[in-house]
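Asks: Sharing a structure with you now.
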Amino acid sequence: MNGPTRTASVHATRAVERSLAGRRHRSLAASVFLVYLLFSTLVGLVALFVLLFTILRDGLPYLDPTLLANAPSANPALAGARPAIIASVMIALVLIATALPIAIATAVYLEEFAPKDRWWIRLIELNIQNLAAIPSIIFGILGLAFLVRGLGLGPVLLAGALILGLQMLPTVIISAREALRAVPDSVRQGGMALGATRLQVVWREVLPAAIPGIATGSILGLSRAIGETAPLLMVGAATFVSYNPGLLTQYTVLPILIYQWIKLPQADFQGLAAAAIIVLLAILITMNGFAIWMRNRYERKW
Amino acid sequence: MDAPPTTTGTQPRGLQPETMAGASNESIELPMDQREVVFDCRELGVRYAGVRALRDVDLNIHRNTVTALIGPSGCGKSTFLRCLNRMNDLIPSAVVDGACLYHDEDLYGPQIDAIEVRKRIGMVFQKPNPFPKSIYDNVAFGPRVLGMKDGLDDRIEQALRRAALWDEVKDRLRQGALGLSGGQQQRLCIARALAVEPDVILMDEPCSALDPISTAAIEDLMTDLKSEYTVVIVTHNMQQAARVADMTAFFSVDQGETGTRCGVLIEVDSTEKIFTKPSNERTEAYVTGRFG
Amino acid sequence: MIGVLALCAVISILVTVGIVVALMVPSLEFFTEVSPAEFFTTAKWAPLFKPAAFGVLPLITGTLNTTFWACTICLPLGLGTAIYLSEYARPRARAVIKPVLEVLAGIPTVVLGYFALTFLTPLLRSLGWQVEIFNAFSAGIIIGVLLLPTVASLSEDAMKAVPSSLREGSFGLGANRFQVSTRVVVPAAISGIAASFVLAISRAIGETTIVLIAAGQLAHVSFMPGDSVETMTAFIAATGAGDVPVGSISYKTIFAVGLTLFVITLLLNIVAIRMVRRFREVYE
């Protein structure tokens, strides 16, 4: 290209003169950045892998029927976690019977019925957002002051369960509201157009449509409560319990038992702690896996 | 086109109005089909996740023309437009087949860098999409990421003048771009594309989100721009195609045996011919409003 | 029926009121016996000894020490993970990485405490760094690992909320992925990202079990990573779990420290909530 043609096509000449082949844009900065991103992502994955490996290595030799069948004991050879496992299951049942319905009812009210422009509704919403981020130990203080000492309930299983329930409320409310919000308005309008009341529509159309999302959030909330340690330390779960607990007896739960075993000096108890962790993780990963599976299974693109 | 005041040597080479005017007039005097071929597409097709969305497009796009792509929705006209600057690369499941030659170089050749392609072939989108930054930073974005840092202020002024926006924004270049009206935002996006001195400008329904007055301003702009650039525009508005385009390509949808829908190019010709005496009856049905 | 639902919504308000009352009443009694000046400005903490000393500064510096190390992990790496997931990862990679991170976020803190104490601390020592058995660094790093998925997930949400038209616009100008991420997406999502950072800091400050297990209970002012420190939360948990006589001054310290912790995290949470709100206003 020369002469008149060159002046005739400034742009085209420039474009054609230089190859379109890749050159400069893979800059050093871009490469360093990509390394940073990959490294960041790997840290989380590797940490989980190493964690699970360490727990299995330490705990598998101690994972035997004794651990599941026996009560805690000062003798590592005889020590088991049975009362703690039973207490954890009981707490889960109490949560399902108390905190879950309250949380779901709150979510339904806020999402379907509440006058959203009122200041007190906004206050409730802000309050829930904030409660979700309050340290769990603060809930422990609440339990200590009101349930254990104030009400004179003492360090019993019910007190622990109620505290975990209060702590679980905001998480479940928030996820249940998201599930309800995902149900399109056409479902509501369709029901209303047939003459159903708002309550009927919510009960028969909206809630069933939101059940998978609500269940997922509820299970994740439950599994967090089952794994919780700190607030229960405050309400007296850290006692030595060798019998099967009842609602109004003293109790210990798996995370607390693990915590106590970690603190003991004998190496065998470290191994027992790791074995109990395997039991705890097996329960939690089963629950979470089920929740994640259900979310993916029923995730509807409306 | 209002001539910008001549400034001294710091001005970016490609945007000097004198050179540009001289260059373009010469090309524009040629009949359309004798002008230099910018894009030469041969049996170009696209599949998304294995499903064919567009097939067998044979189309030449010439320099200093406005080429309009029209057709019913789902006919693949936007998909085709996005092949021309490899925007389809951003969709992981998209596969392009056939050949798309740009100045005789295959855009999808193994050595080709999509970023080099997009630098030369600018794009304006359906909805104005200014960055949540100042007006100045919006126009400066392209030059900055491409390392064209010399004479940035002049470059930005020239781009805004080309996009007929300079007079409206020259006193508030540092203010947020989101404060502009929809039509101004779209002209800002055009200025943003012009600031990197592209060869071609692709416009994907650039007026569909705008009011009639802003639309008229953008249409005037397109006519101005073709003296320096090659413009390809997708539009769902046939009147707009008739008003601004020199060449018009009509796309439509073919129904496959299995019920799959696939875009095809039906006919390409001068705009006048497409709208007055098209050679294909499907084109005629569409432009006369009996289909689509 | 709707009244019953509304009543349930009120319970959450009662919880907050209950927390405030539970913290305030004993704290006010505490501050009649110990002056706030002594509590907030002196640096000796020995509430259970005689003579007792009530300077909360060692607990605050202990908290800052572990929180700092947590932040060095969870903020940069959480953001990096978020950018990778939002801007770089292919759908298949996302489908693997996201559930794994969710599992990591769901690991109970007692398990992470065990990991810090029996894996990380011995590892540091075998590498030749003579940290104490209980040390701020191990606890902090593991808190950072715990919070990494939280930061990643919240920041990714913020970046996903940036309209894809902005990405297309910048790719269309010839920007590469690095430039699109750092010059368009991250700046546009910055307040959502900042909110995730603030929330992570708040949670690091409030984390209890990991520090209780791995950071020790030695209340002294130290910013050395290898030192044993006591955090506010560890003090509350250890003292609350012990047999402190109700009504004693030692018992009331739990609430005074709890109130301090509550106010700090409350302020951070409000900042985070406001940031998220501002972010939503821009894009919704």
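Labeling convention for the structure tokens: chains A, B, ... as they appear, residues from 1 per chain, ligands from 1 in order of appearance.
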Apply DSSP to the structure's backbone, then extract all residues of segment 51-100 of chain A labelled alpha helix (DSSP H) and return them as a PyMOL selection string.
Replies: chain A and resi 51-59+65-69+82-97+99-100
Asks: Chain B near chain C within 7 Å: what's each residue's closest atom pair and its distance in Å to one decimal, counting only C-alpha atoms, ordered by chain then ascending residue number, as CSV?
Replies:
```
residue,atom,partner,partner_atom,distance
B:Ile115,CA,C:Gly174,CA,4.8
B:Glu116,CA,C:Gly174,CA,6.7
B:Arg118,CA,C:Gly174,CA,4.8
B:Lys119,CA,C:Gly174,CA,4.5
B:Gly122,CA,C:Gly172,CA,6.1
B:Met123,CA,C:Gly172,CA,5.6
B:Asn129,CA,C:Leu166,CA,5.8
B:Phe131,CA,C:Leu166,CA,6.3
B:Pro132,CA,C:Ala188,CA,6.6
B:Gly142,CA,C:Leu173,CA,5.4
B:Val145,CA,C:Ala175,CA,5.8
B:Ala193,CA,C:Leu173,CA,6.3
```
Asks: Keeping only N, CA, C and O atoms, take the residues you just selected and write them out as an mmCIF file, in the first residue's frame.
Replies:
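Output file again.cif follows:
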```
data_model
loop_
_atom_site.group_PDB
_atom_site.id
_atom_site.type_symbol
_atom_site.label_atom_id
_atom_site.label_comp_id
_atom_site.auth_asym_id
_atom_site.auth_seq_id
_atom_site.Cartn_x
_atom_site.Cartn_y
_atom_site.Cartn_z
ATOM 1 N N ILE B 115 -8.701 -9.209 21.667
ATOM 2 C CA ILE B 115 -8.605 -7.848 22.194
ATOM 3 C C ILE B 115 -8.110 -6.879 21.134
ATOM 4 O O ILE B 115 -8.571 -5.745 21.038
ATOM 5 N N GLU B 116 -7.168 -7.351 20.301
ATOM 6 C CA GLU B 116 -6.732 -6.521 19.174
ATOM 7 C C GLU B 116 -7.901 -6.267 18.220
ATOM 8 O O GLU B 116 -8.025 -5.203 17.629
ATOM 9 N N ARG B 118 -11.154 -6.143 19.019
ATOM 10 C CA ARG B 118 -12.139 -5.214 19.584
ATOM 11 C C ARG B 118 -11.610 -3.791 19.645
ATOM 12 O O ARG B 118 -12.369 -2.835 19.671
ATOM 13 N N LYS B 119 -10.285 -3.687 19.665
ATOM 14 C CA LYS B 119 -9.694 -2.356 19.651
ATOM 15 C C LYS B 119 -10.000 -1.662 18.324
ATOM 16 O O LYS B 119 -10.230 -0.461 18.280
ATOM 17 N N GLY B 122 -15.143 -1.133 17.176
ATOM 18 C CA GLY B 122 -15.822 -0.677 18.390
ATOM 19 C C GLY B 122 -17.282 -1.090 18.385
ATOM 20 O O GLY B 122 -17.837 -1.482 17.361
ATOM 21 N N MET B 123 -17.907 -1.000 19.561
ATOM 22 C CA MET B 123 -19.286 -1.454 19.654
ATOM 23 C C MET B 123 -20.097 -0.533 20.558
ATOM 24 O O MET B 123 -19.614 -0.057 21.583
ATOM 25 N N ASN B 129 -24.661 2.079 28.266
ATOM 26 C CA ASN B 129 -24.001 1.446 29.414
ATOM 27 C C ASN B 129 -22.765 2.212 29.858
ATOM 28 O O ASN B 129 -21.680 1.661 29.914
ATOM 29 N N PHE B 131 -19.995 3.681 32.259
ATOM 30 C CA PHE B 131 -19.468 3.219 33.527
ATOM 31 C C PHE B 131 -19.859 4.210 34.619
ATOM 32 O O PHE B 131 -20.003 5.400 34.339
ATOM 33 N N PRO B 132 -20.029 3.736 35.842
ATOM 34 C CA PRO B 132 -20.343 4.664 36.936
ATOM 35 C C PRO B 132 -19.117 5.493 37.323
ATOM 36 O O PRO B 132 -18.623 5.419 38.432
ATOM 37 N N GLY B 142 -11.092 3.548 27.227
ATOM 38 C CA GLY B 142 -10.480 2.788 26.138
ATOM 39 C C GLY B 142 -9.029 3.160 25.924
ATOM 40 O O GLY B 142 -8.144 2.299 25.957
ATOM 41 N N VAL B 145 -6.896 1.736 28.806
ATOM 42 C CA VAL B 145 -6.614 0.301 28.853
ATOM 43 C C VAL B 145 -5.749 -0.130 27.673
ATOM 44 O O VAL B 145 -5.079 -1.151 27.735
ATOM 45 N N ALA B 193 -16.467 4.758 22.274
ATOM 46 C CA ALA B 193 -15.991 3.831 21.245
ATOM 47 C C ALA B 193 -15.057 4.549 20.278
ATOM 48 O O ALA B 193 -14.075 3.976 19.807
#
```
Asks: Atom CA of Ala241 of chain C and atom CA of Gly236 of chain A, how far apart in Å?
Replies: 6.2 Å
Asks: Which chain B residues are at most 6 Å from chain A (counting only C-alpha atoms), as a PyMOL selection string?
Replies: chain B and resi 23+111-113+116+199
Asks: Which residues, written as a list in words, have at least one atom at most 6 Å from segment 117-133 of chain C, with only C-alpha atoms counted and residues fewer than 6 positions away on the same chain left out?
Replies: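 Those residues are Ala214, Gly226 and Asp227 of chain C.
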Asks: Would you work out the distance separating atom CA of Pro31 of chain B from atom CA of Met247 of chain B, expressed in Å to one decimal?
Replies: 11.6 Å
Asks: Looking at only C-alpha atoms, which of A:Leu247, A:Leu169, A:Ala275, A:Ile96 is the one that sits closest to chain C?
Replies: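 Nearest candidate to chain C out of A:Leu247, A:Leu169, A:Ala275, A:Ile96: A:Leu169.
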Asks: If you count only C-alpha atoms, which residues fall within 7 Å of Glu205 of chain B, apart from same-chain ones fewer than 5 positions away, as a ChimeraX atom specification?
Replies: /B:125-126,233-235
Asks: Now that the selection is made, can you save its residues with C-alpha atoms as a compact mmCIF listing (two decimals), in the first residue's frame?
Replies:
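Okay, this is what ended up in selection-v2.txt:
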```txt
# COMPACT_ATOMS: atom_id res chain seq x y z
CA PHE B 125 -24.97 -1.46 22.79
CA GLN B 126 -28.73 -1.55 22.95
CA ILE B 233 -26.16 -1.27 12.77
CA VAL B 234 -28.71 -3.77 13.98
CA THR B 235 -32.19 -2.32 14.11
```
Asks: Within 10 Å of Leu160 of chain B, counting only C-alpha atoms, which residues qualify if same-chain residues fewer than 2 places away don't, as a list of chain:residue names?
Replies: B:Ile135, B:Tyr136, B:Val139, B:Asp154, B:Arg155, B:Ile156, B:Glu157, B:Gln158, B:Arg162, B:Ala163, B:Ala164, B:Leu165, B:Trp166, B:Asp167, B:Glu168, B:Val169, B:Lys170, B:Arg187, B:Leu188, B:Cys189, B:Ile190, B:Ala191, B:Arg192, B:Leu194, B:Ala195
Asks: Within 8 Å of segment 97-111 of chain A, counting only C-alpha atoms, which residues show up once you throw out same-chain ones fewer than 2 positions away? Write them as a ChimeraX atom specification, please.
Replies: /A:93-95,113-114,116,121,162,165-166,168-170,172-174,176-177,180-181,214,218 /C:2,5-6,8-9
Asks: If you keep N, CA, C and O atoms, can you produce a file of those selected residues as a CSV table (one decimal), in the first residue's frame?
Replies:
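File part.csv, as written:
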```
chain,number,residue,atom,x,y,z
A,93,LEU,N,-34.2,-31.4,67.7
A,93,LEU,CA,-35.7,-31.6,67.7
A,93,LEU,C,-36.4,-30.4,68.3
A,93,LEU,O,-37.4,-29.9,67.8
A,94,VAL,N,-35.8,-29.9,69.5
A,94,VAL,CA,-36.4,-28.7,70.1
A,94,VAL,C,-36.4,-27.6,69.1
A,94,VAL,O,-37.4,-26.8,69.0
A,95,LEU,N,-35.3,-27.4,68.4
A,95,LEU,CA,-35.2,-26.3,67.5
A,95,LEU,C,-36.2,-26.4,66.4
A,95,LEU,O,-36.9,-25.4,66.0
A,113,PHE,N,-47.4,-9.9,54.4
A,113,PHE,CA,-48.5,-9.2,55.0
A,113,PHE,C,-48.0,-7.8,55.6
A,113,PHE,O,-48.9,-6.9,55.6
A,114,ALA,N,-46.8,-7.7,55.9
A,114,ALA,CA,-46.4,-6.5,56.7
A,114,ALA,C,-46.5,-5.2,55.8
A,114,ALA,O,-46.2,-5.3,54.6
A,116,LYS,N,-44.9,-2.5,54.3
A,116,LYS,CA,-43.4,-2.4,54.2
A,116,LYS,C,-42.9,-0.9,54.4
A,116,LYS,O,-41.8,-0.7,54.7
A,121,ILE,N,-41.8,-1.6,60.8
A,121,ILE,CA,-41.4,-2.8,60.0
A,121,ILE,C,-40.0,-2.7,59.6
A,121,ILE,O,-39.2,-3.6,59.6
A,162,LEU,N,-33.0,-23.3,73.8
A,162,LEU,CA,-33.7,-22.0,73.5
A,162,LEU,C,-32.7,-21.0,73.1
A,162,LEU,O,-33.0,-20.2,72.2
A,165,GLY,N,-31.9,-21.5,69.6
A,165,GLY,CA,-33.0,-21.2,68.8
A,165,GLY,C,-33.1,-19.7,68.5
A,165,GLY,O,-33.3,-19.2,67.4
A,166,LEU,N,-32.9,-18.9,69.6
A,166,LEU,CA,-32.9,-17.4,69.4
A,166,LEU,C,-31.8,-17.0,68.4
A,166,LEU,O,-32.0,-16.1,67.5
A,168,MET,N,-30.5,-18.7,66.1
A,168,MET,CA,-30.8,-19.2,64.8
A,168,MET,C,-31.8,-18.4,64.0
A,168,MET,O,-31.9,-18.4,62.8
A,169,LEU,N,-32.7,-17.7,64.8
A,169,LEU,CA,-33.8,-17.0,64.2
A,169,LEU,C,-33.4,-16.2,63.0
A,169,LEU,O,-34.0,-16.4,61.9
A,170,PRO,N,-32.5,-15.2,63.1
A,170,PRO,CA,-32.3,-14.3,62.0
A,170,PRO,C,-31.8,-15.0,60.7
A,170,PRO,O,-32.3,-14.6,59.6
A,172,VAL,N,-32.5,-18.0,59.6
A,172,VAL,CA,-33.6,-18.7,59.0
A,172,VAL,C,-34.6,-17.7,58.4
A,172,VAL,O,-35.1,-17.9,57.3
A,173,ILE,N,-34.8,-16.7,59.2
A,173,ILE,CA,-35.8,-15.6,58.7
A,173,ILE,C,-35.3,-15.1,57.3
A,173,ILE,O,-36.0,-15.0,56.4
A,174,ILE,N,-34.0,-14.7,57.3
A,174,ILE,CA,-33.5,-14.1,56.1
A,174,ILE,C,-33.6,-15.0,54.9
A,174,ILE,O,-34.0,-14.7,53.8
A,176,ALA,N,-35.5,-17.7,54.6
A,176,ALA,CA,-36.9,-18.0,54.2
A,176,ALA,C,-37.6,-16.8,53.4
A,176,ALA,O,-38.3,-17.0,52.5
A,177,ARG,N,-37.2,-15.6,53.8
A,177,ARG,CA,-37.7,-14.4,53.1
A,177,ARG,C,-37.2,-14.4,51.6
A,177,ARG,O,-38.0,-14.1,50.7
A,180,LEU,N,-39.3,-16.9,49.8
A,180,LEU,CA,-40.7,-16.4,49.5
A,180,LEU,C,-40.6,-15.3,48.4
A,180,LEU,O,-41.5,-15.2,47.5
A,181,ARG,N,-39.6,-14.5,48.4
A,181,ARG,CA,-39.5,-13.4,47.5
A,181,ARG,C,-39.3,-14.0,46.0
A,181,ARG,O,-39.7,-13.4,45.1
A,214,ILE,N,-37.0,-22.6,51.7
A,214,ILE,CA,-37.2,-22.5,53.1
A,214,ILE,C,-36.5,-23.7,53.8
A,214,ILE,O,-35.7,-23.5,54.8
A,218,SER,N,-33.4,-23.6,56.4
A,218,SER,CA,-33.6,-24.1,57.8
A,218,SER,C,-32.6,-25.2,58.1
A,218,SER,O,-32.0,-25.2,59.2
C,2,ILE,N,-53.0,-13.6,61.2
C,2,ILE,CA,-52.0,-12.6,60.8
C,2,ILE,C,-51.4,-12.0,62.1
C,2,ILE,O,-50.2,-11.7,62.1
C,5,LEU,N,-48.7,-14.2,63.3
C,5,LEU,CA,-47.5,-14.1,62.5
C,5,LEU,C,-46.8,-12.8,62.9
C,5,LEU,O,-45.5,-12.8,63.1
C,6,ALA,N,-47.5,-11.7,63.1
C,6,ALA,CA,-46.9,-10.5,63.5
C,6,ALA,C,-46.2,-10.6,64.9
C,6,ALA,O,-45.1,-10.1,65.1
C,8,CYS,N,-44.8,-13.2,66.0
C,8,CYS,CA,-43.5,-13.9,65.8
C,8,CYS,C,-42.5,-12.9,65.4
C,8,CYS,O,-41.3,-12.9,65.8
C,9,ALA,N,-42.9,-11.9,64.5
C,9,ALA,CA,-41.9,-10.9,64.1
C,9,ALA,C,-41.4,-10.1,65.2
C,9,ALA,O,-40.3,-9.6,65.2
```
Asks: Using DSSP on the backbone coordinates, identify the residues of segment 127-263 of chain B assigned to strand (DSSP E); present them as a list in words.
Replies: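 These are the residues in question: Val200, Ile201, Leu202, Met203, Asp204, Thr230, Val231, Val232, Ile233, Val234, Met247, Thr248, Ala249, Phe250, Phe251, Ser252, Val253, Asp254, Gln255, Arg261, Cys262 and Gly263 of chain B.
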Asks: Keeping only C-alpha atoms, write the selected residues to a file as a compact mmCIF listing (two decimals), in the first residue's frame.
Replies:
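Everything below was put into part-v8.txt:
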```
# COMPACT_ATOMS: atom_id res chain seq x y z
CA VAL B 200 -15.48 -0.01 12.32
CA ILE B 201 -18.33 0.81 14.67
CA LEU B 202 -20.93 -1.83 15.41
CA MET B 203 -24.24 -0.65 16.85
CA ASP B 204 -26.68 -3.09 18.38
CA THR B 230 -17.57 1.84 8.55
CA VAL B 231 -20.82 1.48 10.47
CA VAL B 232 -22.86 -1.68 10.97
CA ILE B 233 -26.16 -1.27 12.77
CA VAL B 234 -28.71 -3.77 13.98
CA MET B 247 -26.83 -1.23 2.43
CA THR B 248 -29.40 -3.41 4.15
CA ALA B 249 -29.17 -7.09 4.99
CA PHE B 250 -32.38 -8.94 5.80
CA PHE B 251 -32.17 -11.88 8.20
CA SER B 252 -34.98 -14.27 8.98
CA VAL B 253 -35.72 -17.46 10.88
CA ASP B 254 -35.77 -20.91 9.33
CA GLN B 255 -37.82 -23.53 11.11
CA ARG B 261 -35.20 -22.22 14.90
CA CYS B 262 -32.13 -20.94 13.15
CA GLY B 263 -31.24 -17.53 11.78
```
Asks: Neighbours of Ile91 of chain A within 12 Å (only C-alpha atoms; same-chain residues fewer than 4 positions away dropped), as a ChimeraX atom specification?
Replies: /A:84-87,95-99,156-165,222-223,225-228,232,245-248,251-254
Asks: What would the file look like if the residues just selected were written as a compact mmCIF listing (two decimals), in the first residue's frame with N, CA and C atoms?
Replies:
```
# COMPACT_ATOMS: atom_id res chain seq x y z
N ALA A 84 -23.65 -37.00 74.68
CA ALA A 84 -23.52 -35.76 73.91
C ALA A 84 -24.23 -35.88 72.57
N ILE A 85 -24.10 -37.05 71.93
CA ILE A 85 -24.79 -37.24 70.64
C ILE A 85 -26.29 -37.15 70.85
N ILE A 86 -26.78 -37.82 71.90
CA ILE A 86 -28.22 -37.79 72.17
C ILE A 86 -28.68 -36.35 72.44
N ALA A 87 -27.88 -35.61 73.22
CA ALA A 87 -28.26 -34.23 73.52
C ALA A 87 -28.30 -33.39 72.25
N LEU A 95 -35.28 -27.39 68.41
CA LEU A 95 -35.20 -26.27 67.46
C LEU A 95 -36.25 -26.41 66.36
N ILE A 96 -36.42 -27.63 65.88
CA ILE A 96 -37.41 -27.84 64.81
C ILE A 96 -38.81 -27.52 65.33
N ALA A 97 -39.05 -27.81 66.62
CA ALA A 97 -40.39 -27.59 67.16
C ALA A 97 -40.64 -26.15 67.57
N THR A 98 -39.58 -25.39 67.86
CA THR A 98 -39.79 -24.03 68.36
C THR A 98 -39.29 -22.95 67.40
N ALA A 99 -37.98 -22.91 67.20
CA ALA A 99 -37.40 -21.79 66.47
C ALA A 99 -37.81 -21.78 65.00
N VAL A 156 -29.71 -26.44 82.08
CA VAL A 156 -30.38 -27.62 81.53
C VAL A 156 -30.46 -27.55 80.02
N LEU A 157 -30.74 -28.68 79.43
CA LEU A 157 -30.75 -28.81 77.97
C LEU A 157 -31.71 -27.82 77.33
N LEU A 158 -32.90 -27.66 77.93
CA LEU A 158 -33.89 -26.76 77.34
C LEU A 158 -33.36 -25.34 77.22
N ALA A 159 -32.63 -24.89 78.25
CA ALA A 159 -32.07 -23.53 78.22
C ALA A 159 -31.10 -23.39 77.05
N GLY A 160 -30.23 -24.41 76.89
CA GLY A 160 -29.28 -24.36 75.78
C GLY A 160 -30.00 -24.33 74.44
N ALA A 161 -31.04 -25.18 74.33
CA ALA A 161 -31.75 -25.25 73.06
C ALA A 161 -32.44 -23.92 72.75
N LEU A 162 -33.03 -23.30 73.77
CA LEU A 162 -33.72 -22.03 73.52
C LEU A 162 -32.74 -20.95 73.06
N ILE A 163 -31.57 -20.92 73.67
CA ILE A 163 -30.59 -19.92 73.27
C ILE A 163 -30.14 -20.15 71.83
N LEU A 164 -29.88 -21.41 71.49
CA LEU A 164 -29.49 -21.69 70.10
C LEU A 164 -30.63 -21.32 69.16
N GLY A 165 -31.87 -21.51 69.63
CA GLY A 165 -33.02 -21.16 68.81
C GLY A 165 -33.07 -19.67 68.53
N LEU A 222 -29.98 -25.03 61.11
CA LEU A 222 -29.91 -26.10 62.10
C LEU A 222 -28.49 -26.62 62.25
N SER A 223 -27.83 -26.84 61.12
CA SER A 223 -26.51 -27.45 61.21
C SER A 223 -25.52 -26.48 61.86
N ALA A 225 -26.39 -24.45 64.26
CA ALA A 225 -26.71 -24.53 65.69
C ALA A 225 -26.11 -25.79 66.31
N ILE A 226 -26.17 -26.89 65.57
CA ILE A 226 -25.63 -28.17 66.08
C ILE A 226 -24.12 -28.07 66.30
N GLY A 227 -23.45 -27.27 65.46
CA GLY A 227 -22.00 -27.17 65.57
C GLY A 227 -21.54 -26.08 66.51
N GLU A 228 -22.48 -25.37 67.13
CA GLU A 228 -22.13 -24.19 67.93
C GLU A 228 -21.58 -24.58 69.30
N LEU A 232 -23.15 -22.10 74.36
CA LEU A 232 -23.50 -23.18 75.29
C LEU A 232 -22.54 -23.24 76.48
N PRO A 245 -29.37 -37.49 78.63
CA PRO A 245 -30.00 -36.27 79.10
C PRO A 245 -31.51 -36.27 78.85
N GLY A 246 -32.22 -35.48 79.64
CA GLY A 246 -33.61 -35.15 79.37
C GLY A 246 -33.71 -33.67 79.15
N LEU A 247 -34.92 -33.18 78.86
CA LEU A 247 -35.09 -31.75 78.57
C LEU A 247 -34.62 -30.88 79.74
N LEU A 248 -34.90 -31.34 80.96
CA LEU A 248 -34.63 -30.50 82.12
C LEU A 248 -33.49 -31.04 82.97
N TYR A 251 -26.58 -31.46 80.73
CA TYR A 251 -26.32 -32.08 79.44
C TYR A 251 -24.96 -31.63 78.94
N THR A 252 -24.47 -32.30 77.95
CA THR A 252 -23.36 -31.76 77.17
C THR A 252 -23.62 -32.13 75.72
N VAL A 253 -23.11 -31.35 74.78
CA VAL A 253 -23.33 -31.66 73.37
C VAL A 253 -22.00 -31.99 72.71
N LEU A 254 -22.05 -32.49 71.52
CA LEU A 254 -20.82 -32.93 70.84
C LEU A 254 -19.75 -31.84 70.79
```
